[in-house]
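Participant: Got a structure here, written out as structure tokens. Questions coming.
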Amino acid sequence: MADDTLTAAPVGSVQQVLGALHDPVRLEVVRRLHNAGTAMQCGALYDGINKSTATHHFKILREAGVTERLVIDGLTYQRLRRDEVEAAMPGLLDSVVASANRQAGAS
């Protein structure tokens with residue numbers, strides 16, 4: 001059903017991936033994608049920011065190789081490249097998301 005998939009960037013360096021995950025908005029996007037376990041429509045991944053700011057954050061995550069953009073039936077989705085990141089940096093996403101989940105539960 002995928003109409004279009006952009007070529008995914010290779011998973012970036014540790015510095016690039018951690019830099020992408022350092023921002024609270026991007027960390028929340030990754031947390032939601034990780035917890036969902038599937039691609040999600042872009043609008044479901046952020047709260048409290050405008051669309052152009054969200055687009056910027058999605059670009060940073062894509063360039064770091066953490067996510068990829070999918071267009072399915074004309075709708076834009078983001079997918080966490082969990083397997084690819086895990087192969088490059090074992091345990092990183094699970095650890096970061098577990099910590100983010102604990103913090104989200106505490107607030």
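In the structure tokens, chains take letters A, B, ... by order of appearance, with residues numbered from 1 within each chain and ligands from 1 in the order shown.
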Using only C-alpha atoms, which protein or nucleic acid residues come within 8 Å of segment 13-25 of chain A? Drop anything in the same chain fewer than 5 positions from it, and give the result as a list in words.
Facilitator: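 Using only C-alpha atoms, the neighbours found are Val30, Tyr46, His57, Ile60, Leu61, Ala64, Gly65, Val66 and Met89 of chain A.
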Participant: Restricting the output to N, CA and C atoms, write the selected residues as a compact mmCIF listing (two decimals), in the first residue's frame.
Facilitator:
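Written file, result-v2.txt:
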# COMPACT_ATOMS: atom_id res chain seq x y z
N VAL A 30 10.21 9.84 19.14
CA VAL A 30 10.81 8.50 19.15
C VAL A 30 10.13 7.62 20.20
N TYR A 46 3.25 14.60 17.89
CA TYR A 46 3.69 15.80 18.60
C TYR A 46 2.49 16.58 19.13
N HIS A 57 11.89 18.87 13.06
CA HIS A 57 12.29 17.79 13.97
C HIS A 57 12.31 16.43 13.24
N ILE A 60 15.54 16.19 11.22
CA ILE A 60 16.72 15.88 12.04
C ILE A 60 16.77 14.39 12.35
N LEU A 61 15.63 13.81 12.72
CA LEU A 61 15.58 12.38 13.02
C LEU A 61 15.88 11.54 11.79
N ALA A 64 19.60 11.64 10.91
CA ALA A 64 20.39 10.82 11.84
C ALA A 64 20.17 9.33 11.60
N GLY A 65 19.22 9.00 10.71
CA GLY A 65 18.94 7.61 10.40
C GLY A 65 18.05 6.92 11.42
N VAL A 66 17.40 7.70 12.28
CA VAL A 66 16.57 7.14 13.34
C VAL A 66 15.16 6.82 12.84
N MET A 89 23.80 0.37 17.08
CA MET A 89 24.03 0.78 18.48
C MET A 89 23.16 -0.07 19.40
Participant: Among chain A, which ones does DSSP place in helix (DSSP H, G or I), written as a ChimeraX atom specification?
Facilitator: /A:14-22,24-36,42-45,51-63,82-88,92-106
Participant: Would you list the contacts of Gly37 of chain A as a ChimeraX atom specification, taking every protein, DNA or RNA residue within 10 Å and counting only C-alpha atoms, but skipping same-chain residues closer than 4 positions in sequence?
Facilitator: /A:31-33,79-80,82
Participant: Could you work out how far atom CA of Gly43 of chain A lies from atom CA of Ala9 of chain A, giving the answer in Å with one decimal?
Facilitator: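 The value is 22.2 Å.
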Participant: Give the answer as one residue: which of A:Gln41, A:Ser99, A:Thr67, A:Asn50 has the shortest atom-to-atom distance to Glu84 of chain A, using only C-alpha atoms?
Facilitator: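 When distances to Glu84 of chain A are compared using only C-alpha atoms, the smallest one comes from A:Thr67.
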Participant: Taking the DSSP assignment computed from this structure's backbone, write out as a list in words all residues of chain A that belong to strand (DSSP E or B).
Facilitator: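 Assigned to strand (DSSP E or B), within chain A: Ala2, Asp3, Asp4, Thr5, Met40, Gln41, Thr67, Glu68, Arg69, Leu70, Val71, Ile72, Leu75, Thr76, Tyr77, Gln78, Arg79 and Leu80 of chain A.
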Participant: Which residue gives the smallest distance to Ala54 of chain A among A:Cys42, A:Arg69, A:Tyr77, A:Ala104, with only C-alpha atoms counted?
Facilitator: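 Counting only C-alpha atoms, the residue closest to Ala54 of chain A is A:Cys42.
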Participant: Kindly indicate which residue among A:Gly74, A:Leu45, A:Met40, A:Arg26 lies nearest to Lys59 of chain A, using only C-alpha atoms for the distances.
Facilitator: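 Once distances to Lys59 of chain A are computed over only C-alpha atoms, the minimum belongs to A:Arg26.
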Participant: Of the candidates A:Leu75, A:Ala44, A:His34, A:Gly12, which shows the shortest atom-to-atom distance to Asn101 of chain A, using only C-alpha atoms?
Facilitator: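 Counting only C-alpha atoms, the residue closest to Asn101 of chain A is A:His34.
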